[in-house]
Amino acid sequence: MPFTICTWNINSVRLRAPIVRRLLEEEAPDVLCLQETKCPAEKFPLETFAELGWEHLAVRGDKGYNGVAILSRLPLTPVEHRDFCLKGDSRHVTAKLPDGTQIHNLYVPAGGDEPNVETNPKFAHKLDFVDEMAACFRSHDGPAVLVGDLNIAPREDDVWNHKQLLKIVSHTPVETEKLNAAQAAGGWVDAVREVIPEGLLYSWWSYRAKDWDAADKGRRLDHVWTTPDLKIHGARVLRAARGWEQPSDHAPVFATLG
DNA sequence: ATGGTAGGGCACCTA
(Lines give C-alpha, C1' and ligand atoms only; values in the text may rest on other atoms or scores of the structure.)
Protein backbone atom coordinates (compact mmCIF):
# COMPACT_ATOMS: atom_id res chain seq x y z
CA MET A 1 0.00 0.00 0.00
CA PRO A 2 1.38 3.43 -0.91
CA PHE A 3 1.95 5.87 1.94
CA THR A 4 2.22 9.66 2.02
CA ILE A 5 5.14 11.26 3.83
CA CYS A 6 5.46 14.97 4.60
CA THR A 7 8.53 16.93 5.74
CA TRP A 8 8.18 20.32 7.43
CA ASN A 9 10.63 22.58 9.23
CA ILE A 10 8.20 23.80 11.89
CA ASN A 11 10.38 26.35 13.76
CA SER A 12 9.04 25.49 17.24
CA VAL A 13 6.54 22.63 17.47
CA ARG A 14 5.02 23.95 20.69
CA LEU A 15 4.24 27.40 19.26
CA ARG A 16 2.92 25.88 16.04
CA ALA A 17 1.04 22.85 17.37
CA PRO A 18 -2.21 24.42 16.04
CA ILE A 19 -0.98 24.51 12.43
CA VAL A 20 0.56 21.03 12.76
CA ARG A 21 -2.93 19.85 13.74
CA ARG A 22 -4.38 21.73 10.78
CA LEU A 23 -1.96 19.99 8.44
CA LEU A 24 -2.75 16.56 9.89
CA GLU A 25 -6.51 17.17 9.63
CA GLU A 26 -6.54 18.70 6.17
CA GLU A 27 -3.77 16.73 4.44
CA ALA A 28 -3.58 13.56 6.56
CA PRO A 29 -0.10 12.33 5.62
CA ASP A 30 0.65 8.87 7.04
CA VAL A 31 4.02 10.10 8.28
CA LEU A 32 4.99 13.67 9.23
CA CYS A 33 8.67 14.49 9.71
CA LEU A 34 9.35 17.72 11.58
CA GLN A 35 12.58 19.69 12.01
CA GLU A 36 13.52 22.55 14.32
CA THR A 37 11.06 21.43 16.96
CA LYS A 38 13.17 23.48 19.41
CA CYS A 39 12.24 21.51 22.51
CA PRO A 40 13.55 18.55 24.52
CA ALA A 41 11.88 15.21 23.78
CA GLU A 42 9.98 15.25 27.09
CA LYS A 43 8.32 18.56 26.16
CA PHE A 44 7.17 17.42 22.71
CA PRO A 45 3.35 17.87 22.63
CA LEU A 46 2.62 14.27 21.63
CA GLU A 47 -0.91 14.15 23.08
CA THR A 48 -2.19 16.94 20.86
CA PHE A 49 -1.30 14.85 17.79
CA ALA A 50 -2.01 11.40 19.26
CA GLU A 51 -5.66 12.31 19.81
CA LEU A 52 -5.97 12.90 16.05
CA GLY A 53 -4.58 9.44 15.29
CA TRP A 54 -0.86 10.13 14.92
CA GLU A 55 0.15 8.25 18.04
CA HIS A 56 3.55 6.88 17.04
CA LEU A 57 6.50 9.16 17.68
CA ALA A 58 10.23 9.06 17.12
CA VAL A 59 11.63 12.21 18.67
CA ARG A 60 14.90 13.85 19.64
CA GLY A 61 15.30 17.38 20.90
CA ASP A 62 17.52 19.99 22.50
CA LYS A 63 16.37 22.89 24.66
CA GLY A 64 15.76 25.85 22.36
CA TYR A 65 17.60 24.49 19.30
CA ASN A 66 17.42 21.82 16.60
CA GLY A 67 15.09 18.88 17.25
CA VAL A 68 13.61 16.31 14.85
CA ALA A 69 10.50 14.16 15.10
CA ILE A 70 8.67 11.52 13.10
CA LEU A 71 4.91 11.46 13.77
CA SER A 72 3.12 8.46 12.32
CA ARG A 73 -0.22 6.70 12.12
CA LEU A 74 1.76 3.50 11.59
CA PRO A 75 4.07 1.89 14.16
CA LEU A 76 7.73 2.98 14.09
CA THR A 77 10.27 0.31 15.04
CA PRO A 78 13.04 0.48 15.89
CA VAL A 79 13.84 4.17 16.56
CA GLU A 80 17.50 5.09 16.26
CA HIS A 81 19.67 8.11 15.55
CA ARG A 82 23.15 9.12 14.49
CA ASP A 83 25.16 11.83 16.22
CA PHE A 84 26.41 13.63 13.10
CA CYS A 85 29.76 15.38 13.61
CA LEU A 86 29.71 14.09 17.23
CA LYS A 87 28.34 17.37 18.53
CA GLY A 88 25.41 15.93 20.43
CA ASP A 89 22.93 17.93 18.29
CA SER A 90 19.44 16.49 17.67
CA ARG A 91 19.61 16.57 13.87
CA HIS A 92 18.76 12.99 12.87
CA VAL A 93 16.22 10.37 13.80
CA THR A 94 15.35 7.20 11.93
CA ALA A 95 12.65 4.54 12.23
CA LYS A 96 11.17 1.74 10.17
CA LEU A 97 7.57 1.49 8.96
CA PRO A 98 5.70 -1.84 9.23
CA ASP A 99 6.33 -2.50 5.51
CA GLY A 100 10.08 -2.27 6.14
CA THR A 101 10.65 1.20 4.68
CA GLN A 102 13.40 3.01 6.58
CA ILE A 103 12.66 6.70 7.24
CA HIS A 104 15.55 9.11 7.84
CA ASN A 105 14.62 12.58 9.09
CA LEU A 106 17.46 15.12 8.92
CA TYR A 107 18.07 18.72 9.87
CA VAL A 108 21.28 19.90 8.19
CA PRO A 109 23.02 22.89 9.85
CA ALA A 110 22.14 26.22 8.22
CA GLY A 111 25.81 27.19 8.05
CA GLY A 112 25.84 30.84 9.12
CA ASP A 113 26.28 33.82 6.83
CA GLU A 114 29.84 33.65 5.50
CA PRO A 115 30.58 30.79 3.05
CA ASN A 116 34.17 30.45 4.26
CA VAL A 117 35.35 27.44 6.27
CA GLU A 118 38.42 29.34 7.55
CA THR A 119 36.45 32.16 9.18
CA ASN A 120 33.04 30.55 9.79
CA PRO A 121 32.97 27.34 11.85
CA LYS A 122 29.23 26.96 11.19
CA PHE A 123 29.91 26.67 7.46
CA ALA A 124 32.65 24.09 8.10
CA HIS A 125 30.20 22.14 10.27
CA LYS A 126 27.62 22.19 7.48
CA LEU A 127 30.06 20.86 4.89
CA ASP A 128 31.30 18.16 7.29
CA PHE A 129 27.70 17.16 7.97
CA VAL A 130 26.93 16.73 4.27
CA ASP A 131 30.16 14.76 3.77
CA GLU A 132 29.02 12.45 6.57
CA MET A 133 25.66 12.02 4.81
CA ALA A 134 27.56 10.79 1.77
CA ALA A 135 29.58 8.35 3.87
CA CYS A 136 26.86 6.87 6.09
CA PHE A 137 23.94 6.30 3.68
CA ARG A 138 26.03 4.42 1.13
CA SER A 139 24.02 1.20 1.23
CA HIS A 140 20.41 0.34 2.03
CA ASP A 141 18.84 -2.70 3.59
CA GLY A 142 15.54 -2.45 1.72
CA PRO A 143 13.48 0.59 0.68
CA ALA A 144 14.43 3.90 2.31
CA VAL A 145 13.36 7.54 2.35
CA LEU A 146 15.54 10.46 3.41
CA VAL A 147 13.64 13.67 4.15
CA GLY A 148 14.33 16.93 5.85
CA ASP A 149 15.54 20.47 5.86
CA LEU A 150 18.83 19.97 4.04
CA ASN A 151 19.42 23.75 3.99
CA ILE A 152 20.78 23.55 0.43
CA ALA A 153 18.98 24.45 -2.81
CA PRO A 154 20.90 22.35 -5.34
CA ARG A 155 19.50 23.40 -8.72
CA GLU A 156 19.40 26.72 -10.56
CA ASP A 157 15.60 26.55 -10.54
CA ASP A 158 15.56 25.84 -6.81
CA VAL A 159 16.26 29.52 -6.08
CA TRP A 160 14.69 32.81 -7.18
CA ASN A 161 17.96 34.11 -8.66
CA HIS A 162 20.74 31.64 -9.36
CA LYS A 163 23.51 34.13 -10.18
CA GLN A 164 22.72 36.36 -7.23
CA LEU A 165 22.71 33.45 -4.77
CA LEU A 166 25.95 31.75 -5.86
CA LYS A 167 27.75 33.47 -2.96
CA ILE A 168 24.88 33.04 -0.51
CA VAL A 169 25.03 30.13 1.95
CA SER A 170 22.54 27.45 0.79
CA HIS A 171 23.38 27.80 -2.90
CA THR A 172 27.19 28.07 -3.12
CA PRO A 173 28.90 25.65 -5.51
CA VAL A 174 30.74 23.83 -2.69
CA GLU A 175 27.43 23.10 -0.96
CA THR A 176 25.48 22.04 -4.03
CA GLU A 177 28.36 19.83 -5.20
CA LYS A 178 28.59 18.12 -1.81
CA LEU A 179 24.82 17.62 -1.67
CA ASN A 180 24.83 16.12 -5.16
CA ALA A 181 27.71 13.85 -4.10
CA ALA A 182 25.77 12.71 -1.02
CA GLN A 183 22.71 12.02 -3.17
CA ALA A 184 24.76 10.03 -5.67
CA ALA A 185 26.67 8.10 -2.97
CA GLY A 186 23.41 6.86 -1.49
CA GLY A 187 21.83 6.14 -4.85
CA TRP A 188 19.03 8.53 -3.82
CA VAL A 189 16.35 9.78 -6.19
CA ASP A 190 15.12 13.38 -5.74
CA ALA A 191 11.45 12.35 -5.57
CA VAL A 192 10.06 15.88 -5.84
CA ARG A 193 12.03 16.66 -9.00
CA GLU A 194 10.97 13.32 -10.49
CA VAL A 195 7.39 14.56 -10.28
CA ILE A 196 8.10 18.25 -10.99
CA PRO A 197 11.17 18.12 -13.27
CA GLU A 198 10.93 21.64 -14.67
CA GLY A 199 10.48 25.14 -13.33
CA LEU A 200 11.04 27.26 -10.24
CA LEU A 201 10.14 25.43 -7.06
CA TYR A 202 10.66 26.64 -3.49
CA SER A 203 9.92 25.41 0.04
CA TRP A 204 11.26 28.35 2.10
CA TRP A 205 10.66 32.10 2.07
CA SER A 206 12.44 34.42 4.53
CA TYR A 207 10.46 36.08 7.32
CA ARG A 208 12.33 39.26 6.42
CA ALA A 209 10.64 39.87 3.10
CA LYS A 210 7.85 42.44 3.26
CA ASP A 211 5.47 40.33 1.18
CA TRP A 212 6.89 36.83 0.80
CA ASP A 213 4.19 35.73 -1.66
CA ALA A 214 4.43 38.70 -4.04
CA ALA A 215 8.24 38.98 -3.85
CA ASP A 216 8.54 35.17 -4.12
CA LYS A 217 12.24 35.15 -3.30
CA GLY A 218 12.22 31.52 -2.27
CA ARG A 219 14.60 28.59 -2.11
CA ARG A 220 14.00 24.81 -2.21
CA LEU A 221 15.72 23.73 1.01
CA ASP A 222 13.44 20.84 2.00
CA HIS A 223 13.79 17.53 0.21
CA VAL A 224 12.43 14.00 -0.16
CA TRP A 225 14.92 11.44 -1.43
CA THR A 226 13.99 7.82 -2.11
CA THR A 227 15.71 4.59 -3.03
CA PRO A 228 14.96 3.46 -6.61
CA ASP A 229 12.89 0.47 -5.43
CA LEU A 230 10.16 2.83 -4.16
CA LYS A 231 7.57 3.89 -6.72
CA ILE A 232 6.82 7.63 -6.65
CA HIS A 233 3.09 8.27 -7.05
CA GLY A 234 3.16 12.02 -6.50
CA ALA A 235 4.91 14.93 -4.81
CA ARG A 236 4.13 18.58 -4.08
CA VAL A 237 4.92 21.63 -1.95
CA LEU A 238 2.01 22.95 0.12
CA ARG A 239 2.87 26.60 -0.51
CA ALA A 240 -0.40 27.77 1.06
CA ALA A 241 0.85 26.72 4.51
CA ARG A 242 3.48 29.48 4.34
CA GLY A 243 0.51 31.86 4.52
CA TRP A 244 -1.28 30.18 7.45
CA GLU A 245 -1.70 31.90 10.81
CA GLN A 246 1.67 32.41 12.55
CA PRO A 247 3.47 30.35 9.90
CA SER A 248 6.81 28.63 9.78
CA ASP A 249 9.14 30.14 7.18
CA HIS A 250 9.15 26.68 5.52
CA ALA A 251 6.30 25.06 3.61
CA PRO A 252 5.53 21.32 3.97
CA VAL A 253 6.76 19.02 1.18
CA PHE A 254 4.80 15.82 0.40
CA ALA A 255 5.49 12.61 -1.47
CA THR A 256 3.33 9.54 -1.98
CA LEU A 257 5.49 6.43 -2.25
CA GLY A 258 5.55 2.68 -2.29
C1' DA B 1 26.36 47.69 1.43
C1' DT B 2 22.83 47.16 4.75
C1' DG B 3 19.01 45.58 7.27
C1' DG B 4 15.10 43.46 7.23
C1' DT B 5 11.77 39.15 10.80
C1' DA B 6 11.23 35.32 13.68
C1' DG B 7 11.73 31.75 18.28
C1' DG B 8 13.62 30.54 22.75
C1' DG B 9 13.96 32.29 27.06
C1' DC B 10 15.47 36.20 29.41
C1' DA B 11 21.21 37.84 27.28
C1' DC B 12 21.87 36.91 23.09
C1' DC B 13 22.04 32.80 20.57
C1' DT B 14 20.09 30.70 16.25
C1' DA B 15 17.65 30.73 11.69
# chains A, B, ... in the order shown; residues from 1 in each chain; ligands from 1
>>> interface_residues(of="chain B", to="chain A", cutoff="8 Å", atoms="only C-alpha atoms (C1' of nucleotides)", output="ChimeraX atom specification")
/B:4-8,14-15
>>> select_by_dssp(residues="region 70-253 of chain A", states="strand (DSSP E or B)", output="VMD selection string")
chain A and resid 70 to 72 80 92 to 96 102 to 107 144 to 149 159 189 to 190 204 to 205 218 to 219 222 to 226 232 to 237 250 253
>>> closest_residue(among="A:Glu245, A:Glu198, A:Glu26, A:Asp216", to="Val159 (chain A)", atoms="only C-alpha atoms")
A:Asp216
